[in-house]
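What follows is the content of target_5.pdb, which has PDB, C-alpha atoms (C1' of nucleotides):
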ATOM      1  CA  MET Z   1       0.000   0.000   0.000
ATOM      2  CA  LEU Z   2       1.293   3.466  -0.879
ATOM      3  CA  ILE Z   3       0.929   6.368   1.499
ATOM      4  CA  GLY Z   4      -1.986   7.931  -0.382
ATOM      5  CA  GLU Z   5      -4.132   4.897   0.204
ATOM      6  CA  LEU Z   6      -3.247   4.866   3.875
ATOM      7  CA  VAL Z   7      -4.194   8.522   4.102
ATOM      8  CA  LYS Z   8      -7.617   7.712   2.698
ATOM      9  CA  LYS Z   9      -8.124   4.736   4.954
ATOM     10  CA  THR Z  10      -7.082   6.485   8.145
ATOM     11  CA  GLN Z  11      -8.139  10.085   7.548
ATOM     12  CA  LEU Z  12      -4.719  11.128   8.749
ATOM     13  CA  SER Z  13      -2.508  13.505   6.813
ATOM     14  CA  LYS Z  14       0.583  12.144   5.156
ATOM     15  CA  GLU Z  15       2.663  14.431   7.350
ATOM     16  CA  THR Z  16       1.223  12.802  10.426
ATOM     17  CA  ILE Z  17       1.923   9.353   9.064
ATOM     18  CA  ARG Z  18       5.442  10.346   8.121
ATOM     19  CA  HIS Z  19       5.928  11.827  11.561
ATOM     20  CA  TYR Z  20       4.860   8.598  13.196
ATOM     21  CA  GLU Z  21       7.252   6.775  10.930
ATOM     22  CA  ASP Z  22      10.107   9.136  11.829
ATOM     23  CA  ILE Z  23       9.696   8.579  15.535
ATOM     24  CA  GLY Z  24       9.368   4.827  15.079
ATOM     25  CA  LEU Z  25       5.764   4.641  16.122
ATOM     26  CA  ILE Z  26       4.878   2.671  13.034
ATOM     27  CA  ARG Z  27       7.354   0.234  11.588
ATOM     28  CA  GLY Z  28       7.874  -2.489   9.048
ATOM     29  CA  ILE Z  29       7.724  -0.072   6.150
ATOM     30  CA  LYS Z  30       9.979  -1.072   3.301
ATOM     31  CA  THR Z  31      11.255   1.161   0.553
ATOM     32  CA  GLN Z  32      10.755  -0.310  -2.897
ATOM     33  CA  ALA Z  33      13.184  -0.121  -5.797
ATOM     34  CA  ASN Z  34      11.556   3.052  -7.108
ATOM     35  CA  GLY Z  35      11.982   4.791  -3.785
ATOM     36  CA  TYR Z  36       8.301   4.502  -2.889
ATOM     37  CA  LYS Z  37       7.429   3.023   0.450
ATOM     38  CA  ASN Z  38       5.281   0.024   1.005
ATOM     39  CA  TYR Z  39       2.929   0.434   3.943
ATOM     40  CA  PRO Z  40       1.537  -2.886   5.168
ATOM     41  CA  GLU Z  41      -2.228  -3.259   5.643
ATOM     42  CA  ARG Z  42      -1.671  -3.821   9.353
ATOM     43  CA  LEU Z  43      -1.001  -0.140   9.812
ATOM     44  CA  VAL Z  44      -4.632   0.796   9.249
ATOM     45  CA  GLU Z  45      -5.549  -0.918  12.486
ATOM     46  CA  ASP Z  46      -2.449   0.295  14.266
ATOM     47  CA  LEU Z  47      -3.170   3.884  13.355
ATOM     48  CA  LYS Z  48      -6.737   3.570  14.604
ATOM     49  CA  LEU Z  49      -5.431   2.325  17.914
ATOM     50  CA  ILE Z  50      -2.972   5.193  18.018
ATOM     51  CA  GLY Z  51      -5.836   7.599  17.481
ATOM     52  CA  LEU Z  52      -7.765   6.098  20.359
ATOM     53  CA  ALA Z  53      -4.837   6.292  22.700
ATOM     54  CA  LYS Z  54      -4.015   9.820  21.649
ATOM     55  CA  ASP Z  55      -7.550  11.005  22.361
ATOM     56  CA  LEU Z  56      -7.118   9.686  25.841
ATOM     57  CA  GLY Z  57      -4.103  11.801  26.549
ATOM     58  CA  PHE Z  58      -1.392   9.243  26.002
ATOM     59  CA  THR Z  59       1.669  10.818  24.431
ATOM     60  CA  LEU Z  60       3.158   9.338  21.275
ATOM     61  CA  LYS Z  61       6.046   8.134  23.387
ATOM     62  CA  GLU Z  62       3.716   6.257  25.692
ATOM     63  CA  ILE Z  63       1.797   4.883  22.772
ATOM     64  CA  LYS Z  64       5.013   3.646  21.266
ATOM     65  CA  SER Z  65       5.730   1.590  24.338
ATOM     66  CA  LEU Z  66       2.124   0.482  24.405
ATOM     67  CA  LEU Z  67       2.296  -0.675  20.817
ATOM     68  CA  SER Z  68       5.540  -2.491  21.290
ATOM     69  CA  LEU Z  69       3.703  -4.608  23.833
ATOM     70  CA  LEU Z  70       1.181  -5.568  21.246
ATOM     71  CA  GLN Z  71       3.902  -6.738  18.922
ATOM     72  CA  LYS Z  72       4.358  -9.948  20.786
ATOM     73  CA  GLY Z  73       7.446 -11.673  21.921
ATOM     74  CA  GLN Z  74       9.826  -8.806  22.406
ATOM     75  CA  LEU Z  75      10.122  -8.981  26.161
ATOM     76  CA  GLY Z  76      10.423 -11.658  28.753
ATOM     77  CA  ARG Z  77       7.087 -12.885  30.013
ATOM     78  CA  SER Z  78       7.082 -11.637  33.558
ATOM     79  CA  ASN Z  79       8.542  -8.371  32.389
ATOM     80  CA  LEU Z  80       5.879  -8.041  29.737
ATOM     81  CA  ASN Z  81       3.131  -8.826  32.196
ATOM     82  CA  GLN Z  82       4.353  -6.154  34.536
ATOM     83  CA  VAL Z  83       4.329  -3.480  31.893
ATOM     84  CA  ILE Z  84       0.905  -4.471  30.642
ATOM     85  CA  GLN Z  85      -0.516  -4.379  34.117
ATOM     86  CA  LYS Z  86       0.962  -0.978  34.712
ATOM     87  CA  LYS Z  87      -0.734   0.254  31.561
ATOM     88  CA  ILE Z  88      -4.007  -1.312  32.595
ATOM     89  CA  SER Z  89      -3.881   0.389  35.946
ATOM     90  CA  GLU Z  90      -3.144   3.675  34.218
ATOM     91  CA  ILE Z  91      -6.217   3.082  32.140
ATOM     92  CA  ASP Z  92      -8.249   2.342  35.245
ATOM     93  CA  GLN Z  93      -7.119   5.613  36.750
ATOM     94  CA  LYS Z  94      -8.218   7.457  33.677
ATOM     95  CA  MET Z  95     -11.533   5.668  33.800
ATOM     96  CA  SER Z  96     -12.178   6.825  37.327
ATOM     97  CA  ALA Z  97     -11.156  10.349  36.427
ATOM     98  CA  LEU Z  98     -13.672  10.233  33.601
ATOM     99  CA  ASN Z  99     -16.306   9.053  35.986
ATOM    100  CA  GLN Z 100     -15.613  11.950  38.310
ATOM    101  CA  LEU Z 101     -15.905  14.405  35.470
ATOM    102  CA  LYS Z 102     -19.098  12.797  34.334
ATOM    103  CA  GLU Z 103     -20.473  12.951  37.847
ATOM    104  CA  ARG Z 104     -19.903  16.658  38.064
ATOM    105  CA  LEU Z 105     -21.469  17.283  34.732
ATOM    106  CA  ASN Z 106     -24.448  15.158  35.612
ATOM    107  CA  GLN Z 107     -24.914  17.123  38.793
ATOM    108  CA  GLU Z 108     -24.876  20.252  36.731
ATOM    109  CA  LEU Z 109     -27.453  18.753  34.419
ATOM    110  CA  ALA Z 110     -29.673  17.836  37.319
ATOM    111  CA  ARG Z 111     -29.448  21.360  38.685
ATOM    112  CA  THR Z 112     -30.239  23.087  35.439
ATOM    113  CA  CYS Z 113     -32.709  20.735  33.820
ATOM    114  CA  SER Z 114     -36.386  20.812  34.330
ATOM    115  CA  PRO Z 115     -37.549  17.553  35.964
ATOM    116  CA  GLN Z 116     -39.075  16.419  32.669
ATOM    117  CA  GLU Z 117     -35.929  17.002  30.706
ATOM    118  CA  THR Z 118     -33.811  15.313  33.317
ATOM    119  CA  LEU Z 119     -36.018  12.263  33.197
ATOM    120  CA  LYS Z 120     -35.829  12.099  29.445
ATOM    121  CA  ILE Z 121     -32.055  12.234  29.545
ATOM    122  CA  MET Z 122     -31.687   9.660  32.264
ATOM    123  CA  THR Z 123     -33.819   7.113  30.495
ATOM    124  CA  THR Z 124     -32.068   7.282  27.163
TER
ATOM    125  CA  MET F   1      -4.583  32.662  49.915
ATOM    126  CA  LEU F   2      -1.276  33.637  48.304
ATOM    127  CA  ILE F   3       0.122  31.711  45.396
ATOM    128  CA  GLY F   4       2.673  29.823  47.473
ATOM    129  CA  GLU F   5      -0.037  28.196  49.522
ATOM    130  CA  LEU F   6      -1.908  27.240  46.387
ATOM    131  CA  VAL F   7       1.271  25.714  45.002
ATOM    132  CA  LYS F   8       1.562  23.549  48.104
ATOM    133  CA  LYS F   9      -2.060  22.523  48.054
ATOM    134  CA  THR F  10      -2.178  21.630  44.376
ATOM    135  CA  GLN F  11       1.358  20.415  43.688
ATOM    136  CA  LEU F  12       1.372  22.619  40.642
ATOM    137  CA  SER F  13       4.166  25.056  39.900
ATOM    138  CA  LYS F  14       3.481  28.731  40.252
ATOM    139  CA  GLU F  15       4.198  29.149  36.543
ATOM    140  CA  THR F  16       1.471  26.695  35.712
ATOM    141  CA  ILE F  17      -0.979  28.505  37.952
ATOM    142  CA  ARG F  18       0.008  31.830  36.442
ATOM    143  CA  HIS F  19      -0.398  30.363  33.017
ATOM    144  CA  TYR F  20      -3.900  29.190  33.813
ATOM    145  CA  GLU F  21      -4.618  32.639  35.132
ATOM    146  CA  ASP F  22      -3.258  34.263  31.981
ATOM    147  CA  ILE F  23      -5.488  32.244  29.710
ATOM    148  CA  GLY F  24      -8.513  32.817  31.911
ATOM    149  CA  LEU F  25      -8.829  29.224  33.009
ATOM    150  CA  ILE F  26      -8.995  30.266  36.634
ATOM    151  CA  ARG F  27     -10.644  33.520  37.596
ATOM    152  CA  GLY F  28     -11.861  35.640  40.457
ATOM    153  CA  ILE F  29      -8.342  36.481  41.568
ATOM    154  CA  LYS F  30      -8.050  39.947  43.021
ATOM    155  CA  THR F  31      -4.906  41.974  43.415
ATOM    156  CA  GLN F  32      -4.452  43.412  46.861
ATOM    157  CA  ALA F  33      -3.084  46.846  47.726
ATOM    158  CA  ASN F  34       0.465  45.519  48.051
ATOM    159  CA  GLY F  35       0.329  44.025  44.595
ATOM    160  CA  TYR F  36      -0.025  40.474  45.857
ATOM    161  CA  LYS F  37      -2.869  38.395  44.526
ATOM    162  CA  ASN F  38      -5.561  36.774  46.530
ATOM    163  CA  TYR F  39      -6.393  33.275  45.323
ATOM    164  CA  PRO F  40      -9.748  32.045  46.631
ATOM    165  CA  GLU F  41      -9.955  28.617  48.304
ATOM    166  CA  ARG F  42     -12.275  27.425  45.555
ATOM    167  CA  LEU F  43      -9.327  27.181  43.197
ATOM    168  CA  VAL F  44      -7.906  24.168  44.980
ATOM    169  CA  GLU F  45     -10.860  22.107  43.827
ATOM    170  CA  ASP F  46     -10.941  23.738  40.424
ATOM    171  CA  LEU F  47      -7.297  22.950  39.811
ATOM    172  CA  LYS F  48      -7.803  19.334  40.798
ATOM    173  CA  LEU F  49     -10.587  19.084  38.276
ATOM    174  CA  ILE F  50      -8.380  20.673  35.666
ATOM    175  CA  GLY F  51      -5.742  18.060  36.386
ATOM    176  CA  LEU F  52      -8.228  15.259  35.908
ATOM    177  CA  ALA F  53      -9.474  16.633  32.642
ATOM    178  CA  LYS F  54      -5.970  17.267  31.392
ATOM    179  CA  ASP F  55      -4.931  13.678  32.053
ATOM    180  CA  LEU F  56      -7.799  12.620  29.892
ATOM    181  CA  GLY F  57      -6.585  14.541  26.914
ATOM    182  CA  PHE F  58      -8.832  17.552  27.139
ATOM    183  CA  THR F  59      -6.994  20.690  26.077
ATOM    184  CA  LEU F  60      -6.936  23.709  28.343
ATOM    185  CA  LYS F  61      -9.268  25.405  25.912
ATOM    186  CA  GLU F  62     -11.788  22.602  26.221
ATOM    187  CA  ILE F  63     -11.404  22.552  29.955
ATOM    188  CA  LYS F  64     -12.074  26.250  30.051
ATOM    189  CA  SER F  65     -15.416  25.726  28.382
ATOM    190  CA  LEU F  66     -16.037  22.757  30.630
ATOM    191  CA  LEU F  67     -15.357  24.821  33.716
ATOM    192  CA  SER F  68     -17.531  27.657  32.609
ATOM    193  CA  LEU F  69     -20.377  25.178  32.655
ATOM    194  CA  LEU F  70     -19.679  24.413  36.247
ATOM    195  CA  GLN F  71     -19.895  28.071  37.158
ATOM    196  CA  LYS F  72     -23.615  28.043  37.072
ATOM    197  CA  GLY F  73     -25.999  30.459  35.560
ATOM    198  CA  GLN F  74     -23.979  31.808  32.701
ATOM    199  CA  LEU F  75     -25.939  30.322  29.871
ATOM    200  CA  GLY F  76     -29.568  29.790  29.088
ATOM    201  CA  ARG F  77     -30.870  26.485  30.324
ATOM    202  CA  SER F  78     -31.495  24.612  27.131
ATOM    203  CA  ASN F  79     -28.236  25.929  25.758
ATOM    204  CA  LEU F  80     -26.383  24.806  28.859
ATOM    205  CA  ASN F  81     -27.971  21.390  28.756
ATOM    206  CA  GLN F  82     -26.889  20.928  25.185
ATOM    207  CA  VAL F  83     -23.287  21.729  25.929
ATOM    208  CA  ILE F  84     -23.204  19.519  28.987
ATOM    209  CA  GLN F  85     -24.651  16.638  27.060
ATOM    210  CA  LYS F  86     -22.112  17.097  24.333
ATOM    211  CA  LYS F  87     -19.348  16.926  26.926
ATOM    212  CA  ILE F  88     -20.882  13.860  28.486
ATOM    213  CA  SER F  89     -21.035  12.119  25.159
ATOM    214  CA  GLU F  90     -17.412  13.033  24.543
ATOM    215  CA  ILE F  91     -16.613  11.455  27.852
ATOM    216  CA  ASP F  92     -18.552   8.352  26.904
ATOM    217  CA  GLN F  93     -16.553   8.095  23.720
ATOM    218  CA  LYS F  94     -13.351   8.297  25.670
ATOM    219  CA  MET F  95     -14.629   5.635  28.014
ATOM    220  CA  SER F  96     -15.300   3.243  25.193
ATOM    221  CA  ALA F  97     -11.910   3.990  23.704
ATOM    222  CA  LEU F  98     -10.348   3.142  27.047
ATOM    223  CA  ASN F  99     -12.277  -0.074  27.134
ATOM    224  CA  GLN F 100     -10.979  -1.025  23.728
ATOM    225  CA  LEU F 101      -7.427  -0.334  24.791
ATOM    226  CA  LYS F 102      -7.939  -2.323  27.934
ATOM    227  CA  GLU F 103      -9.395  -5.175  25.946
ATOM    228  CA  ARG F 104      -6.353  -5.383  23.740
ATOM    229  CA  LEU F 105      -4.015  -5.295  26.662
ATOM    230  CA  ASN F 106      -5.983  -7.942  28.462
ATOM    231  CA  GLN F 107      -5.814 -10.152  25.405
ATOM    232  CA  GLU F 108      -2.099  -9.669  25.396
ATOM    233  CA  LEU F 109      -1.964 -10.600  29.045
ATOM    234  CA  ALA F 110      -3.959 -13.732  28.394
ATOM    235  CA  ARG F 111      -1.627 -14.731  25.584
ATOM    236  CA  THR F 112       1.582 -14.203  27.478
ATOM    237  CA  CYS F 113       0.631 -15.254  30.962
ATOM    238  CA  SER F 114       0.927 -18.744  32.251
ATOM    239  CA  PRO F 115      -2.517 -20.098  33.194
ATOM    240  CA  GLN F 116      -1.666 -19.745  36.880
ATOM    241  CA  GLU F 117      -0.583 -16.177  36.558
ATOM    242  CA  THR F 118      -3.599 -15.309  34.483
ATOM    243  CA  LEU F 119      -5.894 -16.747  37.099
ATOM    244  CA  LYS F 120      -4.190 -14.798  39.828
ATOM    245  CA  ILE F 121      -4.616 -11.552  37.939
ATOM    246  CA  MET F 122      -8.208 -12.129  37.044
ATOM    247  CA  THR F 123      -9.239 -12.816  40.581
ATOM    248  CA  THR F 124      -7.634  -9.768  42.126
TER
ATOM    249  C1'  DG T   1      17.195  47.481  59.566
ATOM    250  C1'  DT T   2      18.622  43.913  56.960
ATOM    251  C1'  DA T   3      18.569  39.286  55.192
ATOM    252  C1'  DA T   4      15.740  35.520  53.732
ATOM    253  C1'  DA T   5      11.703  34.206  51.846
ATOM    254  C1'  DC T   6       8.065  35.431  49.177
ATOM    255  C1'  DC T   7       5.546  38.042  45.405
ATOM    256  C1'  DG T   8       4.578  39.940  40.389
ATOM    257  C1'  DT T   9       5.964  40.689  35.609
ATOM    258  C1'  DT T  10       8.452  39.937  31.539
ATOM    259  C1'  DG T  11      10.824  37.566  28.136
ATOM    260  C1'  DG T  12      13.027  33.688  26.392
ATOM    261  C1'  DG T  13      13.371  28.611  26.037
ATOM    262  C1'  DT T  14      11.709  23.717  25.632
ATOM    263  C1'  DA T  15       8.990  19.566  24.234
ATOM    264  C1'  DT T  16       5.283  17.655  21.692
ATOM    265  C1'  DA T  17       2.789  16.981  17.581
ATOM    266  C1'  DC T  18       2.185  18.080  13.890
ATOM    267  C1'  DA T  19       1.316  21.483   9.102
ATOM    268  C1'  DA T  20       3.110  23.808   5.203
ATOM    269  C1'  DC T  21       6.123  24.518   1.966
ATOM    270  C1'  DA T  22       9.965  23.663  -1.448
ATOM    271  C1'  DT T  23      12.391  20.588  -4.220
ATOM    272  C1'  DG T  24      12.943  16.901  -6.993
ATOM    273  C1'  DG T  25      12.027  12.114  -8.438
ATOM    274  C1'  DT T  26       8.299   8.472 -10.398
ATOM    275  C1'  DC T  27       4.408   6.636 -12.786
ATOM    276  C1'  DA T  28       0.289   6.238 -15.839
ATOM    277  C1'  DA T  29      -2.622   8.320 -19.538
ATOM    278  C1'  DG T  30      -2.996  10.012 -23.887
TER
ATOM    279  C1'  DC S   1       7.110  12.166 -24.247
ATOM    280  C1'  DT S   2       4.923  15.287 -21.723
ATOM    281  C1'  DT S   3       1.569  16.404 -18.189
ATOM    282  C1'  DG S   4      -0.625  15.631 -14.003
ATOM    283  C1'  DA S   5      -1.084  12.914 -10.071
ATOM    284  C1'  DC S   6       1.597  10.826  -6.832
ATOM    285  C1'  DC S   7       5.875  10.041  -4.001
ATOM    286  C1'  DA S   8      10.232  11.150  -0.799
ATOM    287  C1'  DT S   9      13.154  14.273   1.813
ATOM    288  C1'  DG S  10      14.218  18.296   4.195
ATOM    289  C1'  DT S  11      13.446  22.738   6.340
ATOM    290  C1'  DT S  12      10.769  25.884   8.541
ATOM    291  C1'  DG S  13       6.595  27.298  11.005
ATOM    292  C1'  DT S  14       2.698  26.758  14.342
ATOM    293  C1'  DA S  15      -0.032  25.714  18.607
ATOM    294  C1'  DT S  16      -0.073  23.972  23.138
ATOM    295  C1'  DA S  17       1.554  23.856  27.678
ATOM    296  C1'  DC S  18       4.383  24.852  30.127
ATOM    297  C1'  DC S  19       9.669  25.980  32.648
ATOM    298  C1'  DC S  20      13.264  29.054  34.000
ATOM    299  C1'  DA S  21      15.818  33.184  34.933
ATOM    300  C1'  DA S  22      16.090  37.874  35.851
ATOM    301  C1'  DC S  23      14.483  41.959  37.853
ATOM    302  C1'  DG S  24      12.565  44.484  41.365
ATOM    303  C1'  DG S  25       9.168  45.128  45.023
ATOM    304  C1'  DT S  26       7.175  43.181  49.783
ATOM    305  C1'  DT S  27       6.935  40.873  54.007
ATOM    306  C1'  DT S  28       8.613  38.372  57.915
ATOM    307  C1'  DA S  29      12.051  37.066  61.315
ATOM    308  C1'  DC S  30      15.767  38.228  63.948
TER
END

Please lay out the structure from this file as structure tokens.
Amino acid sequence: MLIGELVKKTQLSKETIRHYEDIGLIRGIKTQANGYKNYPERLVEDLKLIGLAKDLGFTLKEIKSLLSLLQKGQLGRSNLNQVIQKKISEIDQKMSALNQLKERLNQELARTCSPQETLKIMTT
Amino acid sequence: MLIGELVKKTQLSKETIRHYEDIGLIRGIKTQANGYKNYPERLVEDLKLIGLAKDLGFTLKEIKSLLSLLQKGQLGRSNLNQVIQKKISEIDQKMSALNQLKERLNQELARTCSPQETLKIMTT
DNA sequence: GTAAACCGTTGGGTATACAACATGGTCAAG
DNA sequence: CTTGACCATGTTGTATACCCAACGGTTTAC
């Protein structure tokens, strides 16, 4: 796959993709004889995952380490498990932070909504 | 409260607090006769909330709009409700993104863990 | 009454995550 | 065989979110 196709499939700009390539966030990209690069299909999924993680406030650096976990077999098992669990607990922390935010917004909703409106919202 | 006390209570640097002040993220800070500023107690909570939101990938700009919601009575009701609901749905999106990430990491854990280890993790 | 600790303002610097060129090579259609 | 769409590389620029240092004024402790 050439970069243009990847751009279409991911909605990312080619600069972004190139940037991710530069910093080693996406890998396994081979340069063909003509100088064009061959982006494997796999990257479509990888880039989606990167987008998710980025939206959640993970830095590209963090995502890089996160992704390297998902490319199996690069670390010892116990080591790998540790890192994964650390990430999971980070995620749990973020989850609870989200819940707190949501709580506060819901309180605000309850204060400002008419009873009818509130009911409508809470049942959808 | 002077800035030093706020620094201690929030663990933020004074530059960060000043920065938030500059961009209007925190307000209601009055300058006293001696030139020193009086930071209201309220800000301790506000800054904690800002920290939460920041960790979740909200920009300071977004947080500013988020906070303005929580300072009641500045918008018409239906208008306010709309904005709050938009924020809540953003939060829900982030939640589901987190769940996806967690899923993938858990799969990885399952693949790389010994059965015993996996069991231990899943029961804690 | 002076030194240490604190305060405000300003201006410059840094890291992250790109975007926007400029330049030059490659390919596919007609 | 040229033109337009596509590609690669490199440099510079931008926005965000700060950090740090310098300068000078203020307050507190001795």

Could the residues of chain Z within 12 Å of chain T, counting all atoms listed in the file, be given as a PyMOL selection string, please? chain Z and resi 12-20+23+32-36+54+58-61

Could you superpose chain F on chain Z by least squares over every Cα, matched in sequence order, and send it back as a compact mmCIF listing (two decimals) with C-alpha atoms, in the coordinates of the input?
# COMPACT_ATOMS: atom_id res chain seq x y z
CA MET F 1 0.12 -0.09 -0.04
CA LEU F 2 1.41 3.39 -0.90
CA ILE F 3 1.00 6.27 1.48
CA GLY F 4 -1.91 7.81 -0.39
CA GLU F 5 -4.04 4.75 0.17
CA LEU F 6 -3.14 4.74 3.84
CA VAL F 7 -4.13 8.39 4.05
CA LYS F 8 -7.54 7.53 2.65
CA LYS F 9 -8.03 4.57 4.91
CA THR F 10 -7.00 6.32 8.11
CA GLN F 11 -8.09 9.91 7.49
CA LEU F 12 -4.70 11.00 8.69
CA SER F 13 -2.52 13.40 6.73
CA LYS F 14 0.57 12.06 5.07
CA GLU F 15 2.66 14.35 7.26
CA THR F 16 1.23 12.76 10.35
CA ILE F 17 1.96 9.29 9.02
CA ARG F 18 5.48 10.34 8.09
CA HIS F 19 5.92 11.81 11.50
CA TYR F 20 4.88 8.58 13.16
CA GLU F 21 7.31 6.80 10.90
CA ASP F 22 10.10 9.20 11.80
CA ILE F 23 9.69 8.64 15.50
CA GLY F 24 9.44 4.89 15.07
CA LEU F 25 5.82 4.66 16.11
CA ILE F 26 4.98 2.66 13.02
CA ARG F 27 7.51 0.27 11.57
CA GLY F 28 8.08 -2.46 9.04
CA ILE F 29 7.90 -0.05 6.13
CA LYS F 30 10.16 -1.02 3.27
CA THR F 31 11.40 1.21 0.51
CA GLN F 32 10.92 -0.23 -2.93
CA ALA F 33 13.33 0.02 -5.85
CA ASN F 34 11.65 3.16 -7.17
CA GLY F 35 12.05 4.89 -3.85
CA TYR F 36 8.39 4.55 -2.93
CA LYS F 37 7.54 3.03 0.40
CA ASN F 38 5.44 0.00 0.99
CA TYR F 39 3.08 0.39 3.93
CA PRO F 40 1.73 -2.95 5.17
CA GLU F 41 -2.03 -3.37 5.65
CA ARG F 42 -1.48 -3.92 9.36
CA LEU F 43 -0.86 -0.21 9.80
CA VAL F 44 -4.49 0.66 9.22
CA GLU F 45 -5.40 -1.05 12.47
CA ASP F 46 -2.32 0.22 14.25
CA LEU F 47 -3.09 3.80 13.32
CA LYS F 48 -6.65 3.46 14.54
CA LEU F 49 -5.35 2.26 17.86
CA ILE F 50 -2.93 5.15 17.97
CA GLY F 51 -5.83 7.52 17.41
CA LEU F 52 -7.76 6.02 20.28
CA ALA F 53 -4.85 6.24 22.64
CA LYS F 54 -4.06 9.78 21.58
CA ASP F 55 -7.60 10.94 22.29
CA LEU F 56 -7.17 9.62 25.76
CA GLY F 57 -4.18 11.76 26.47
CA PHE F 58 -1.44 9.23 25.96
CA THR F 59 1.60 10.84 24.37
CA LEU F 60 3.11 9.35 21.25
CA LYS F 61 6.01 8.20 23.36
CA GLU F 62 3.70 6.30 25.67
CA ILE F 63 1.79 4.89 22.76
CA LYS F 64 5.03 3.69 21.26
CA SER F 65 5.74 1.64 24.35
CA LEU F 66 2.13 0.52 24.39
CA LEU F 67 2.35 -0.66 20.81
CA SER F 68 5.58 -2.48 21.33
CA LEU F 69 3.70 -4.59 23.84
CA LEU F 70 1.22 -5.54 21.22
CA GLN F 71 3.97 -6.72 18.92
CA LYS F 72 4.38 -9.92 20.79
CA GLY F 73 7.46 -11.66 21.91
CA GLN F 74 9.81 -8.78 22.41
CA LEU F 75 10.11 -8.93 26.14
CA GLY F 76 10.41 -11.64 28.72
CA ARG F 77 7.08 -12.83 30.00
CA SER F 78 7.08 -11.59 33.54
CA ASN F 79 8.54 -8.32 32.36
CA LEU F 80 5.86 -7.98 29.71
CA ASN F 81 3.12 -8.78 32.17
CA GLN F 82 4.34 -6.09 34.50
CA VAL F 83 4.29 -3.43 31.84
CA ILE F 84 0.88 -4.44 30.59
CA GLN F 85 -0.53 -4.35 34.07
CA LYS F 86 0.93 -0.94 34.64
CA LYS F 87 -0.77 0.28 31.48
CA ILE F 88 -4.03 -1.30 32.51
CA SER F 89 -3.90 0.39 35.87
CA GLU F 90 -3.19 3.69 34.14
CA ILE F 91 -6.25 3.08 32.06
CA ASP F 92 -8.28 2.33 35.16
CA GLN F 93 -7.16 5.59 36.67
CA LYS F 94 -8.27 7.44 33.60
CA MET F 95 -11.59 5.65 33.74
CA SER F 96 -12.22 6.76 37.28
CA ALA F 97 -11.20 10.28 36.39
CA LEU F 98 -13.73 10.21 33.57
CA ASN F 99 -16.36 9.00 35.96
CA GLN F 100 -15.66 11.87 38.29
CA LEU F 101 -15.96 14.35 35.47
CA LYS F 102 -19.16 12.75 34.34
CA GLU F 103 -20.51 12.86 37.86
CA ARG F 104 -19.94 16.57 38.12
CA LEU F 105 -21.53 17.22 34.79
CA ASN F 106 -24.49 15.09 35.67
CA GLN F 107 -24.94 17.01 38.88
CA GLU F 108 -24.91 20.17 36.87
CA LEU F 109 -27.50 18.73 34.56
CA ALA F 110 -29.69 17.78 37.48
CA ARG F 111 -29.44 21.28 38.90
CA THR F 112 -30.24 23.11 35.71
CA CYS F 113 -32.75 20.82 34.09
CA SER F 114 -36.43 21.02 34.65
CA PRO F 115 -37.70 17.79 36.25
CA GLN F 116 -39.28 16.75 32.96
CA GLU F 117 -36.14 17.29 30.98
CA THR F 118 -34.06 15.50 33.56
CA LEU F 119 -36.34 12.50 33.41
CA LYS F 120 -36.16 12.40 29.66
CA ILE F 121 -32.38 12.41 29.72
CA MET F 122 -32.07 9.79 32.38
CA THR F 123 -34.27 7.35 30.60
CA THR F 124 -32.55 7.55 27.24

I need the output of the PyMOL selection byres ((chain F) within 7 of (chain Z)) for this file as an mmCIF file with C-alpha atoms, keeping the file's coordinate frame; which residues are they?
data_model
loop_
_atom_site.group_PDB
_atom_site.id
_atom_site.type_symbol
_atom_site.label_atom_id
_atom_site.label_comp_id
_atom_site.auth_asym_id
_atom_site.auth_seq_id
_atom_site.Cartn_x
_atom_site.Cartn_y
_atom_site.Cartn_z
ATOM 1 C CA LEU F 52 -8.228 15.259 35.908
ATOM 2 C CA ASP F 55 -4.931 13.678 32.053
ATOM 3 C CA LEU F 56 -7.799 12.620 29.892
ATOM 4 C CA GLY F 57 -6.585 14.541 26.914
ATOM 5 C CA LEU F 70 -19.679 24.413 36.247
ATOM 6 C CA ARG F 77 -30.870 26.485 30.324
ATOM 7 C CA ASN F 81 -27.971 21.390 28.756
ATOM 8 C CA ILE F 84 -23.204 19.519 28.987
ATOM 9 C CA ILE F 88 -20.882 13.860 28.486
ATOM 10 C CA ILE F 91 -16.613 11.455 27.852
ATOM 11 C CA LYS F 94 -13.351 8.297 25.670
ATOM 12 C CA MET F 95 -14.629 5.635 28.014
ATOM 13 C CA ALA F 97 -11.910 3.990 23.704
ATOM 14 C CA LEU F 98 -10.348 3.142 27.047
ATOM 15 C CA LYS F 102 -7.939 -2.323 27.934
ATOM 16 C CA LEU F 105 -4.015 -5.295 26.662
ATOM 17 C CA GLU F 108 -2.099 -9.669 25.396
ATOM 18 C CA LEU F 109 -1.964 -10.600 29.045
ATOM 19 C CA THR F 112 1.582 -14.203 27.478
ATOM 20 C CA CYS F 113 0.631 -15.254 30.962
#

I'd like a table as JSON lines: residues in chain S with an atom no more than 8 Å from chain F, each row giving the shortest atom pair and its distance in Å to one decimal, all atoms listed in the file counted, sorted by chain and rising residue number.
{"residue": "S:DC18", "atom": "C1'", "partner": "F:Thr16", "partner_atom": "CA", "distance": 6.6}
{"residue": "S:DC19", "atom": "C1'", "partner": "F:Glu15", "partner_atom": "CA", "distance": 7.4}
{"residue": "S:DT26", "atom": "C1'", "partner": "F:Asn34", "partner_atom": "CA", "distance": 7.3}

If I wrap all listed atoms of segment 9-17 of chain T in a box with edges along x, y and z and add 5 Å on each side, what are its centre and edge lengths in Å to one decimal, as lines of an AutoDock Vina configuration file?
center_x = 8.1
center_y = 28.8
center_z = 26.6
size_x = 20.6
size_y = 33.7
size_z = 28.0
